[in-house]
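start-v6.cif follows; it contains mmCIF, C-alpha atoms.
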data_start
#
loop_
_atom_site.label_atom_id
_atom_site.label_comp_id
_atom_site.auth_asym_id
_atom_site.auth_seq_id
_atom_site.Cartn_x
_atom_site.Cartn_y
_atom_site.Cartn_z
CA MET A 265 -51.67 12.32 44.98
CA ASN A 266 -51.30 9.43 42.56
CA VAL A 267 -54.08 10.83 40.41
CA GLY A 268 -52.40 14.23 40.44
CA ASN A 269 -49.04 12.77 39.46
CA GLU A 270 -50.65 10.72 36.73
CA TYR A 271 -52.38 13.86 35.42
CA LEU A 272 -49.11 15.78 35.41
CA ARG A 273 -47.33 12.97 33.59
CA SER A 274 -50.11 12.82 30.99
CA LYS A 275 -50.08 16.58 30.59
CA ASN A 276 -46.30 16.62 30.14
CA VAL A 277 -46.50 13.86 27.54
CA TRP A 278 -49.22 15.79 25.72
CA ILE A 279 -47.12 18.96 25.75
CA GLU A 280 -44.07 17.08 24.49
CA ASN A 281 -46.14 15.50 21.71
CA ILE A 282 -47.47 18.90 20.65
CA ARG A 283 -43.95 20.36 20.68
CA SER A 284 -42.63 17.43 18.62
CA LEU A 285 -45.52 17.65 16.19
CA ARG A 286 -44.90 21.35 15.63
CA ILE A 287 -41.25 20.74 14.83
CA VAL A 288 -42.05 17.89 12.45
CA CYS A 289 -44.71 19.95 10.67
CA ASN A 290 -42.35 22.89 10.23
CA MET A 291 -39.70 20.70 8.71
CA GLN A 292 -42.14 18.90 6.41
CA MET A 293 -43.77 22.08 5.17
CA ASN A 294 -40.37 23.35 4.06
CA SER A 295 -39.73 20.13 2.14
CA LEU A 296 -40.81 19.44 -1.44
CA THR A 297 -43.63 17.20 -0.21
CA GLY A 298 -44.84 19.89 2.19
CA LYS A 299 -44.74 22.57 -0.48
CA LYS A 300 -46.67 20.35 -2.91
CA ILE A 301 -49.35 19.77 -0.27
CA LEU A 302 -49.66 23.51 0.35
CA SER A 303 -49.68 24.27 -3.36
CA LEU A 304 -52.51 21.77 -3.85
CA LEU A 305 -54.56 23.49 -1.16
CA ARG A 306 -53.76 26.93 -2.62
CA GLU A 307 -54.48 25.81 -6.21
CA GLY A 308 -51.09 26.86 -7.57
CA ASP A 309 -47.39 26.20 -6.96
CA TYR A 310 -47.25 28.55 -3.97
CA ALA A 311 -46.15 27.46 -0.53
CA HIS A 312 -46.54 31.01 0.81
CA ALA A 313 -49.64 32.44 2.45
CA GLY A 314 -52.15 34.13 0.18
CA GLY A 315 -51.12 32.57 -3.11
CA GLU A 316 -51.71 34.82 -6.12
CA GLU A 317 -53.57 37.39 -4.03
CA ALA A 318 -50.43 37.88 -1.94
CA ILE A 319 -48.22 38.20 -5.02
CA LEU A 320 -50.50 40.87 -6.47
CA GLN A 321 -50.47 42.68 -3.14
CA VAL A 322 -46.67 42.58 -2.94
CA PHE A 323 -46.26 43.95 -6.46
CA SER A 324 -49.22 46.36 -6.42
CA LYS A 325 -46.87 49.38 -6.45
CA ILE A 326 -44.41 47.89 -8.95
CA SER A 327 -45.01 48.70 -12.62
CA LYS A 328 -44.80 45.92 -15.15
CA ASP A 329 -41.68 45.75 -17.29
CA PRO A 330 -40.82 42.52 -19.16
CA ASN A 331 -37.21 43.70 -19.52
CA ARG A 332 -36.70 44.07 -15.77
CA SER A 333 -34.53 41.51 -13.94
CA LEU A 334 -35.93 39.95 -10.77
CA LEU A 335 -34.40 37.56 -8.24
CA ASP A 336 -36.77 35.28 -6.33
CA VAL A 337 -34.87 34.47 -3.14
CA GLY A 338 -36.22 31.23 -1.71
CA CYS A 339 -38.27 30.49 -4.81
CA GLY A 340 -39.60 27.15 -3.60
CA ILE A 341 -41.15 25.15 -6.43
CA GLY A 342 -41.28 28.05 -8.88
CA GLY A 343 -44.90 29.17 -8.92
CA THR A 344 -44.29 32.79 -7.93
CA ALA A 345 -41.44 33.25 -10.40
CA HIS A 346 -43.61 31.84 -13.18
CA PHE A 347 -46.60 34.03 -12.25
CA LEU A 348 -44.56 37.25 -12.26
CA ASN A 349 -42.83 36.37 -15.52
CA GLN A 350 -46.04 35.40 -17.29
CA ASN A 351 -47.86 38.52 -16.10
CA GLY A 352 -45.22 40.95 -17.33
CA TRP A 353 -43.33 42.06 -14.24
CA GLY A 354 -40.00 40.94 -15.62
CA ASN A 355 -37.55 38.15 -16.23
CA VAL A 356 -37.28 36.17 -12.99
CA LEU A 357 -34.42 34.00 -11.79
CA GLY A 358 -35.34 31.63 -8.96
CA LEU A 359 -32.90 30.81 -6.17
CA ASP A 360 -33.41 28.11 -3.54
CA ILE A 361 -31.22 26.03 -1.24
CA ASP A 362 -33.33 22.86 -1.63
CA PRO A 363 -32.27 20.70 -4.62
CA ASP A 364 -35.67 18.98 -4.72
CA ASN A 365 -37.44 22.33 -5.05
CA ILE A 366 -35.12 23.39 -7.87
CA SER A 367 -35.50 20.06 -9.67
CA PHE A 368 -39.29 20.37 -9.54
CA ALA A 369 -39.19 23.98 -10.76
CA HIS A 370 -36.79 23.10 -13.60
CA ASN A 371 -39.02 20.27 -14.78
CA LYS A 372 -42.31 22.16 -14.61
CA TYR A 373 -41.14 25.64 -15.63
CA SER A 374 -38.28 24.84 -17.96
CA GLN A 375 -38.65 28.20 -19.72
CA HIS A 376 -37.35 29.96 -16.60
CA GLU A 377 -33.96 29.89 -14.88
CA PHE A 378 -33.63 28.30 -11.44
CA ILE A 379 -30.43 27.89 -9.44
CA GLU A 380 -29.70 25.77 -6.38
CA CYS A 381 -27.80 27.98 -3.98
CA ASP A 382 -27.76 29.16 -0.36
CA VAL A 383 -28.64 32.85 -0.21
CA VAL A 384 -25.45 33.61 1.74
CA ASN A 385 -23.46 32.40 -1.29
CA ALA A 386 -25.65 34.06 -3.90
CA SER A 387 -23.29 36.98 -4.56
CA GLN A 388 -20.46 34.54 -5.25
CA LYS A 389 -22.49 32.46 -7.70
CA LEU A 390 -24.44 35.19 -9.50
CA LYS A 391 -22.10 37.71 -11.09
CA ARG A 392 -24.72 40.35 -11.90
CA THR A 393 -27.15 42.79 -10.35
CA PHE A 394 -30.94 42.72 -10.28
CA ASP A 395 -33.57 45.44 -10.53
CA ILE A 396 -35.78 43.80 -7.91
CA MET A 397 -35.04 41.10 -5.35
CA TYR A 398 -37.84 39.64 -3.27
CA CYS A 399 -38.31 37.17 -0.43
CA ILE A 400 -41.87 35.91 -0.06
CA ASN A 401 -42.24 33.89 3.16
CA SER A 402 -38.60 32.82 2.96
CA PHE A 403 -36.60 35.38 4.94
CA TYR A 404 -37.76 34.00 8.29
CA ALA A 405 -36.14 30.66 7.41
CA PHE A 406 -32.65 32.10 6.76
CA PRO A 407 -30.46 31.01 9.72
CA ASP A 408 -27.92 33.81 9.14
CA LYS A 409 -30.05 36.81 8.23
CA ILE A 410 -27.24 39.38 8.40
CA THR A 411 -24.99 37.47 5.99
CA ALA A 412 -27.97 36.86 3.70
CA LEU A 413 -28.75 40.59 3.52
CA LYS A 414 -25.08 41.44 2.91
CA SER A 415 -24.98 38.89 0.10
CA LEU A 416 -28.08 40.38 -1.52
CA ARG A 417 -26.66 43.89 -1.14
CA ARG A 418 -23.72 42.85 -3.32
CA LEU A 419 -26.20 41.84 -6.02
CA ALA A 420 -27.88 45.24 -5.93
CA SER A 421 -27.28 48.45 -7.83
CA GLU A 422 -28.12 51.81 -6.30
CA LYS A 423 -31.63 51.55 -7.75
CA THR A 424 -32.36 47.95 -6.76
CA GLN A 425 -35.44 47.33 -4.64
CA LEU A 426 -35.57 44.56 -2.03
CA ILE A 427 -39.03 43.37 -1.05
CA ILE A 428 -39.52 41.22 2.05
CA PHE A 429 -43.00 39.78 2.57
CA ASP A 430 -42.93 37.67 5.68
CA TYR A 431 -43.86 36.89 9.24
CA VAL A 432 -42.72 39.28 11.94
CA LEU A 433 -43.08 39.04 15.69
CA ARG A 434 -45.85 41.24 17.01
CA GLN A 435 -45.01 43.64 19.83
CA GLY A 436 -44.53 41.86 23.14
CA THR A 437 -44.16 38.43 21.54
CA ALA A 438 -40.98 36.47 22.22
CA ALA A 439 -39.38 34.29 19.57
CA ALA A 440 -39.45 30.55 20.27
CA VAL A 441 -35.90 29.48 19.52
CA GLU A 442 -35.63 25.74 19.01
CA GLU A 443 -33.13 23.72 17.03
CA GLY A 444 -34.28 23.11 13.47
CA VAL A 445 -37.18 25.59 13.65
CA PRO A 446 -36.98 28.80 11.56
CA THR A 447 -37.20 32.00 13.60
CA ASN A 448 -38.77 35.32 12.69
CA VAL A 449 -37.91 38.76 14.02
CA SER A 450 -39.82 41.87 15.04
CA GLU A 451 -40.32 44.77 12.64
CA GLN A 452 -37.82 46.86 14.61
CA GLN A 453 -35.25 44.06 14.50
CA LEU A 454 -35.79 43.71 10.77
CA ARG A 455 -35.28 47.44 10.27
CA SER A 456 -32.04 47.26 12.24
CA LEU A 457 -30.83 44.28 10.22
CA LEU A 458 -31.56 46.07 6.95
CA GLU A 459 -29.93 49.34 7.96
CA SER A 460 -26.82 47.59 9.32
CA THR A 461 -26.31 45.80 6.00
CA GLY A 462 -26.60 48.82 3.70
CA TRP A 463 -30.33 48.88 2.96
CA THR A 464 -32.69 51.83 3.45
CA VAL A 465 -36.29 51.09 4.46
CA MET A 466 -38.59 53.07 2.16
CA ASP A 467 -42.03 51.64 2.88
CA THR A 468 -43.80 49.11 5.10
CA MET A 469 -47.28 47.61 5.14
CA ASP A 470 -49.07 45.68 7.88
CA VAL A 471 -50.97 42.76 6.37
CA SER A 472 -51.74 40.92 9.62
CA SER A 473 -55.47 40.80 8.95
CA ASP A 474 -54.84 39.31 5.51
CA TYR A 475 -52.57 36.65 7.02
CA ASP A 476 -55.28 35.77 9.55
CA ARG A 477 -57.79 35.36 6.74
CA TRP A 478 -55.43 33.41 4.47
CA TYR A 479 -54.56 30.91 7.18
CA SER A 480 -58.18 30.56 8.26
CA GLU A 481 -59.09 29.72 4.67
CA LEU A 482 -56.16 27.28 4.45
CA VAL A 483 -57.24 25.45 7.62
CA LEU A 484 -60.81 25.18 6.31
CA ARG A 485 -59.54 23.72 3.04
#
Spell out the structure here as structure tokens.
Amino acid sequence: MNVGNEYLRSKNVWIENIRSLRIVCNMQMNSLTGKKILSLLREGDYAHAGGEEAILQVFSKISKDPNRSLLDVGCGIGGTAHFLNQNGWGNVLGLDIDPDNISFAHNKYSQHEFIECDVVNASQKLKRTFDIMYCINSFYAFPDKITALKSLRRLASEKTQLIIFDYVLRQGTAAAVEEGVPTNVSEQQLRSLLESTGWTVMDTMDVSSDYDRWYSELVLR
């Protein structure tokens, strides 16, 4: 009995340590230090999965137009905005809630415009519309997804495209809701959120196998 109780206590401590470690890692990876670590592993200023390969995949159906206006929502440390601008997709403005991310992006990519702002306040701060708005591995981290989508809708014209490239819950998987940990939604929930905030879903793509490969490569690195 004592051995059993000792085992249970050890197991509970181990579980608690794993849970705590996961929370700490999530928070650190969303910080400037975490993003710089990820960007080092991905050989570019990209905290999102897939790096440049993912960017090219996201914009594979978007023609290049240097005069087009783009809004990078949750731009992180600026690598994606710089890549798209330099490769002719358009003039990108980066938006991020983290002042450290924006400071880094300003210093390294001073030729581009970056603004510190919460996405839910974006329509109040940016008095213009954009041709394309995109969220690359950032939407899942928005605490108030409905207000965020409504805010972006006010920055859109009738021809504006919104691209969301992110994690979604697979069918039958329940979201783990814990304080301080970003939560993702299922594809059906995302569709409902978009439609309820004035967006029309035109196209979707399942890139689960690519995500599996990208994260396997990241772990090996």
One-decimal distance in Å that lies between CA of Lys325 (chain A) and CA of Ser374 (chain A): 28.4 Å
Selected by the PyMOL selection byres ((chain A and resi 333) around 6) in the shown coordinates: which residues, as a ChimeraX atom specification? /A:332,334,354-355,394-395
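CA of Ala311 (chain A) is found 15.9 Å from CA of Asp476 (chain A).
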Using the chain letters and numbers from the file, give me the residues hit by the PyMOL selection byres ((chain A and resi 338) around 6), as a list in words.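 With the PyMOL selection byres ((chain A and resi 338) around 6) on this model, the match is Val337, Cys339, Gly340, Leu359, Asp360 and Ser402 of chain A.
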Across A:Leu335, A:Ala369, A:Leu426, A:Val322, the smallest distance to Asp309 (chain A), with only C-alpha atoms counted, is shown by A:Ala369
For a test of reading the model, state the distance in Å between CA of Lys414 (chain A) and CA of Val384 (chain A), rounded to one decimal. 7.9 Å
Give the answer as one residue: which of A:Thr447, A:Asn371, A:Asn385, A:Asn331 has the shortest atom-to-atom distance to Thr411 (chain A), using only C-alpha atoms? A:Asn385
Calculated over only C-alpha atoms, which of the candidates A:Trp353, A:Trp478, A:Tyr310, A:Phe368 has the smallest distance to Asn401 (chain A)?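 Closest residue, counting only C-alpha atoms: A:Tyr310.
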Please provide as a list in words all residues within 12 Å of Asp430 (chain A), with the sequence filter that same-chain residues fewer than 6 positions apart are discarded (counting only C-alpha atoms).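 Near neighbours after the sequence-gap exclusion: His312, Ala313, Gly314, Ala318, Ile319, Val322, Gly338, Tyr398, Cys399, Ile400, Asn401, Ser402, Phe403, Tyr404, Ala405, Phe406, Thr447, Asn448, Val449, Ser450, Glu451, Leu454, Thr468, Met469, Asp470, Val471, Ser472 and Tyr475 of chain A.
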Taking into account only C-alpha atoms, which residue in the set A:Leu482, A:Leu413, A:Ile361, A:Val432 is nearest to Thr464 (chain A)?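 With only C-alpha atoms as the atom set, the closest residue is A:Leu413.
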Please work out which residues fall within 8 Å of (-32.6, 31.9, -11.3), coordinates as given in the file, with all atoms listed in the file counting, and return them as an MDAnalysis selection string. chainID A and resid 335:336 356:359 376:379
Shell of 12 Å around Arg392 (chain A), only C-alpha atoms, local chain residues under 4 positions omitted, as a list in words: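 Result of the neighbour search: Ser333, Leu334, Leu335, Leu357, Ala386, Ser387, Gln388, Leu416, Arg417, Arg418, Leu419, Ala420, Ser421 and Thr424 of chain A.
Minimum atom-to-atom distances from A:Asp329, A:Asp362, A:Glu481, A:Glu380 to Gly315 (chain A) were compared using only C-alpha atoms, and the lowest value belongs to A:Glu481.
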Could you check which of A:His346, A:Gln425, A:Gln321, A:Ile410 is closest to Leu457 (chain A), using all atoms listed in the file?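 Distance minimum relative to Leu457 (chain A) lands on A:Ile410.
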Starting from the structure just given, write a file holding region 327-343 of chain A with all heavy atoms, as a PDB file, in the first residue's frame.
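The new file result_7.pdb reads:
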ATOM      1  N   SER A 327      -1.580  36.193 -56.768  1.00  0.00           N
ATOM      2  CA  SER A 327      -0.640  36.785 -57.722  1.00  0.00           C
ATOM      3  C   SER A 327       0.183  37.880 -57.051  1.00  0.00           C
ATOM      4  O   SER A 327      -0.252  38.492 -56.079  1.00  0.00           O
ATOM      5  CB  SER A 327      -1.397  37.363 -58.915  1.00  0.00           C
ATOM      6  OG  SER A 327      -2.268  38.416 -58.488  1.00  0.00           O
ATOM      7  N   LYS A 328       1.358  38.099 -57.588  1.00  0.00           N
ATOM      8  CA  LYS A 328       2.222  39.144 -57.045  1.00  0.00           C
ATOM      9  C   LYS A 328       1.799  40.509 -57.578  1.00  0.00           C
ATOM     10  O   LYS A 328       1.461  40.648 -58.741  1.00  0.00           O
ATOM     11  CB  LYS A 328       3.681  38.866 -57.397  1.00  0.00           C
ATOM     12  CG  LYS A 328       4.231  37.597 -56.749  1.00  0.00           C
ATOM     13  CD  LYS A 328       5.710  37.403 -57.043  1.00  0.00           C
ATOM     14  CE  LYS A 328       6.247  36.159 -56.352  1.00  0.00           C
ATOM     15  NZ  LYS A 328       7.711  35.984 -56.569  1.00  0.00           N
ATOM     16  N   ASP A 329       1.817  41.492 -56.690  1.00  0.00           N
ATOM     17  CA  ASP A 329       1.451  42.859 -57.057  1.00  0.00           C
ATOM     18  C   ASP A 329       2.093  43.802 -56.045  1.00  0.00           C
ATOM     19  O   ASP A 329       1.622  43.920 -54.912  1.00  0.00           O
ATOM     20  CB  ASP A 329      -0.064  43.034 -57.056  1.00  0.00           C
ATOM     21  CG  ASP A 329      -0.493  44.445 -57.464  1.00  0.00           C
ATOM     22  OD1 ASP A 329       0.392  45.318 -57.639  1.00  0.00           O
ATOM     23  OD2 ASP A 329      -1.709  44.679 -57.588  1.00  0.00           O
ATOM     24  N   PRO A 330       3.194  44.457 -56.399  1.00  0.00           N
ATOM     25  CA  PRO A 330       3.900  45.321 -55.450  1.00  0.00           C
ATOM     26  C   PRO A 330       3.067  46.501 -54.960  1.00  0.00           C
ATOM     27  O   PRO A 330       3.407  47.124 -53.946  1.00  0.00           O
ATOM     28  CB  PRO A 330       5.123  45.797 -56.244  1.00  0.00           C
ATOM     29  CG  PRO A 330       4.746  45.619 -57.681  1.00  0.00           C
ATOM     30  CD  PRO A 330       3.844  44.441 -57.720  1.00  0.00           C
ATOM     31  N   ASN A 331       1.982  46.818 -55.666  1.00  0.00           N
ATOM     32  CA  ASN A 331       1.123  47.937 -55.262  1.00  0.00           C
ATOM     33  C   ASN A 331      -0.016  47.512 -54.332  1.00  0.00           C
ATOM     34  O   ASN A 331      -0.781  48.345 -53.861  1.00  0.00           O
ATOM     35  CB  ASN A 331       0.535  48.605 -56.499  1.00  0.00           C
ATOM     36  CG  ASN A 331       1.593  49.221 -57.393  1.00  0.00           C
ATOM     37  OD1 ASN A 331       2.508  49.879 -56.913  1.00  0.00           O
ATOM     38  ND2 ASN A 331       1.488  48.986 -58.689  1.00  0.00           N
ATOM     39  N   ARG A 332      -0.116  46.225 -54.072  1.00  0.00           N
ATOM     40  CA  ARG A 332      -1.173  45.715 -53.202  1.00  0.00           C
ATOM     41  C   ARG A 332      -0.844  46.016 -51.737  1.00  0.00           C
ATOM     42  O   ARG A 332       0.312  46.009 -51.327  1.00  0.00           O
ATOM     43  CB  ARG A 332      -1.309  44.206 -53.406  1.00  0.00           C
ATOM     44  CG  ARG A 332      -2.416  43.560 -52.593  1.00  0.00           C
ATOM     45  CD  ARG A 332      -2.334  42.055 -52.640  1.00  0.00           C
ATOM     46  NE  ARG A 332      -2.731  41.539 -53.946  1.00  0.00           N
ATOM     47  CZ  ARG A 332      -1.956  40.781 -54.707  1.00  0.00           C
ATOM     48  NH1 ARG A 332      -0.746  40.474 -54.322  1.00  0.00           N
ATOM     49  NH2 ARG A 332      -2.394  40.345 -55.870  1.00  0.00           N
ATOM     50  N   SER A 333      -1.877  46.273 -50.934  1.00  0.00           N
ATOM     51  CA  SER A 333      -1.682  46.513 -49.501  1.00  0.00           C
ATOM     52  C   SER A 333      -2.029  45.255 -48.719  1.00  0.00           C
ATOM     53  O   SER A 333      -3.079  44.646 -48.921  1.00  0.00           O
ATOM     54  CB  SER A 333      -2.562  47.676 -49.023  1.00  0.00           C
ATOM     55  OG  SER A 333      -3.928  47.396 -49.232  1.00  0.00           O
ATOM     56  N   LEU A 334      -1.120  44.856 -47.823  1.00  0.00           N
ATOM     57  CA  LEU A 334      -1.303  43.666 -47.012  1.00  0.00           C
ATOM     58  C   LEU A 334      -1.168  44.020 -45.530  1.00  0.00           C
ATOM     59  O   LEU A 334      -0.345  44.874 -45.161  1.00  0.00           O
ATOM     60  CB  LEU A 334      -0.277  42.583 -47.355  1.00  0.00           C
ATOM     61  CG  LEU A 334      -0.381  41.881 -48.712  1.00  0.00           C
ATOM     62  CD1 LEU A 334       0.324  42.685 -49.795  1.00  0.00           C
ATOM     63  CD2 LEU A 334       0.219  40.483 -48.635  1.00  0.00           C
ATOM     64  N   LEU A 335      -1.952  43.344 -44.704  1.00  0.00           N
ATOM     65  CA  LEU A 335      -1.866  43.511 -43.252  1.00  0.00           C
ATOM     66  C   LEU A 335      -1.485  42.169 -42.642  1.00  0.00           C
ATOM     67  O   LEU A 335      -2.216  41.185 -42.769  1.00  0.00           O
ATOM     68  CB  LEU A 335      -3.191  43.991 -42.674  1.00  0.00           C
ATOM     69  CG  LEU A 335      -3.229  44.176 -41.147  1.00  0.00           C
ATOM     70  CD1 LEU A 335      -2.259  45.281 -40.707  1.00  0.00           C
ATOM     71  CD2 LEU A 335      -4.642  44.496 -40.672  1.00  0.00           C
ATOM     72  N   ASP A 336      -0.333  42.128 -41.991  1.00  0.00           N
ATOM     73  CA  ASP A 336       0.146  40.938 -41.303  1.00  0.00           C
ATOM     74  C   ASP A 336      -0.328  41.024 -39.858  1.00  0.00           C
ATOM     75  O   ASP A 336       0.199  41.793 -39.055  1.00  0.00           O
ATOM     76  CB  ASP A 336       1.680  40.882 -41.379  1.00  0.00           C
ATOM     77  CG  ASP A 336       2.256  39.591 -40.806  1.00  0.00           C
ATOM     78  OD1 ASP A 336       1.628  38.997 -39.914  1.00  0.00           O
ATOM     79  OD2 ASP A 336       3.348  39.197 -41.242  1.00  0.00           O
ATOM     80  N   VAL A 337      -1.346  40.242 -39.524  1.00  0.00           N
ATOM     81  CA  VAL A 337      -1.970  40.312 -38.198  1.00  0.00           C
ATOM     82  C   VAL A 337      -1.291  39.312 -37.268  1.00  0.00           C
ATOM     83  O   VAL A 337      -1.431  38.101 -37.438  1.00  0.00           O
ATOM     84  CB  VAL A 337      -3.481  40.011 -38.285  1.00  0.00           C
ATOM     85  CG1 VAL A 337      -4.135  40.240 -36.925  1.00  0.00           C
ATOM     86  CG2 VAL A 337      -4.143  40.853 -39.361  1.00  0.00           C
ATOM     87  N   GLY A 338      -0.548  39.837 -36.294  1.00  0.00           N
ATOM     88  CA  GLY A 338       0.276  38.983 -35.450  1.00  0.00           C
ATOM     89  C   GLY A 338       1.596  38.725 -36.147  1.00  0.00           C
ATOM     90  O   GLY A 338       2.019  37.580 -36.339  1.00  0.00           O
ATOM     91  N   CYS A 339       2.263  39.805 -36.521  1.00  0.00           N
ATOM     92  CA  CYS A 339       3.435  39.727 -37.403  1.00  0.00           C
ATOM     93  C   CYS A 339       4.683  39.185 -36.717  1.00  0.00           C
ATOM     94  O   CYS A 339       5.669  38.890 -37.395  1.00  0.00           O
ATOM     95  CB  CYS A 339       3.727  41.093 -38.002  1.00  0.00           C
ATOM     96  SG  CYS A 339       4.236  42.354 -36.793  1.00  0.00           S
ATOM     97  N   GLY A 340       4.652  39.070 -35.377  1.00  0.00           N
ATOM     98  CA  GLY A 340       5.837  38.566 -34.698  1.00  0.00           C
ATOM     99  C   GLY A 340       7.027  39.488 -34.890  1.00  0.00           C
ATOM    100  O   GLY A 340       6.912  40.708 -34.752  1.00  0.00           O
ATOM    101  N   ILE A 341       8.159  38.920 -35.267  1.00  0.00           N
ATOM    102  CA  ILE A 341       9.382  39.718 -35.388  1.00  0.00           C
ATOM    103  C   ILE A 341       9.662  40.159 -36.829  1.00  0.00           C
ATOM    104  O   ILE A 341      10.769  40.581 -37.158  1.00  0.00           O
ATOM    105  CB  ILE A 341      10.596  38.978 -34.796  1.00  0.00           C
ATOM    106  CG1 ILE A 341      10.749  37.581 -35.386  1.00  0.00           C
ATOM    107  CG2 ILE A 341      10.436  38.864 -33.284  1.00  0.00           C
ATOM    108  CD1 ILE A 341      11.954  36.819 -34.828  1.00  0.00           C
ATOM    109  N   GLY A 342       8.669  40.058 -37.697  1.00  0.00           N
ATOM    110  CA  GLY A 342       8.733  40.740 -38.987  1.00  0.00           C
ATOM    111  C   GLY A 342       9.223  39.961 -40.182  1.00  0.00           C
ATOM    112  O   GLY A 342       9.217  40.482 -41.302  1.00  0.00           O
ATOM    113  N   GLY A 343       9.631  38.712 -39.995  1.00  0.00           N
ATOM    114  CA  GLY A 343      10.209  37.964 -41.109  1.00  0.00           C
ATOM    115  C   GLY A 343       9.249  37.713 -42.254  1.00  0.00           C
ATOM    116  O   GLY A 343       9.625  37.835 -43.419  1.00  0.00           O
TER     117      GLY A 343
END
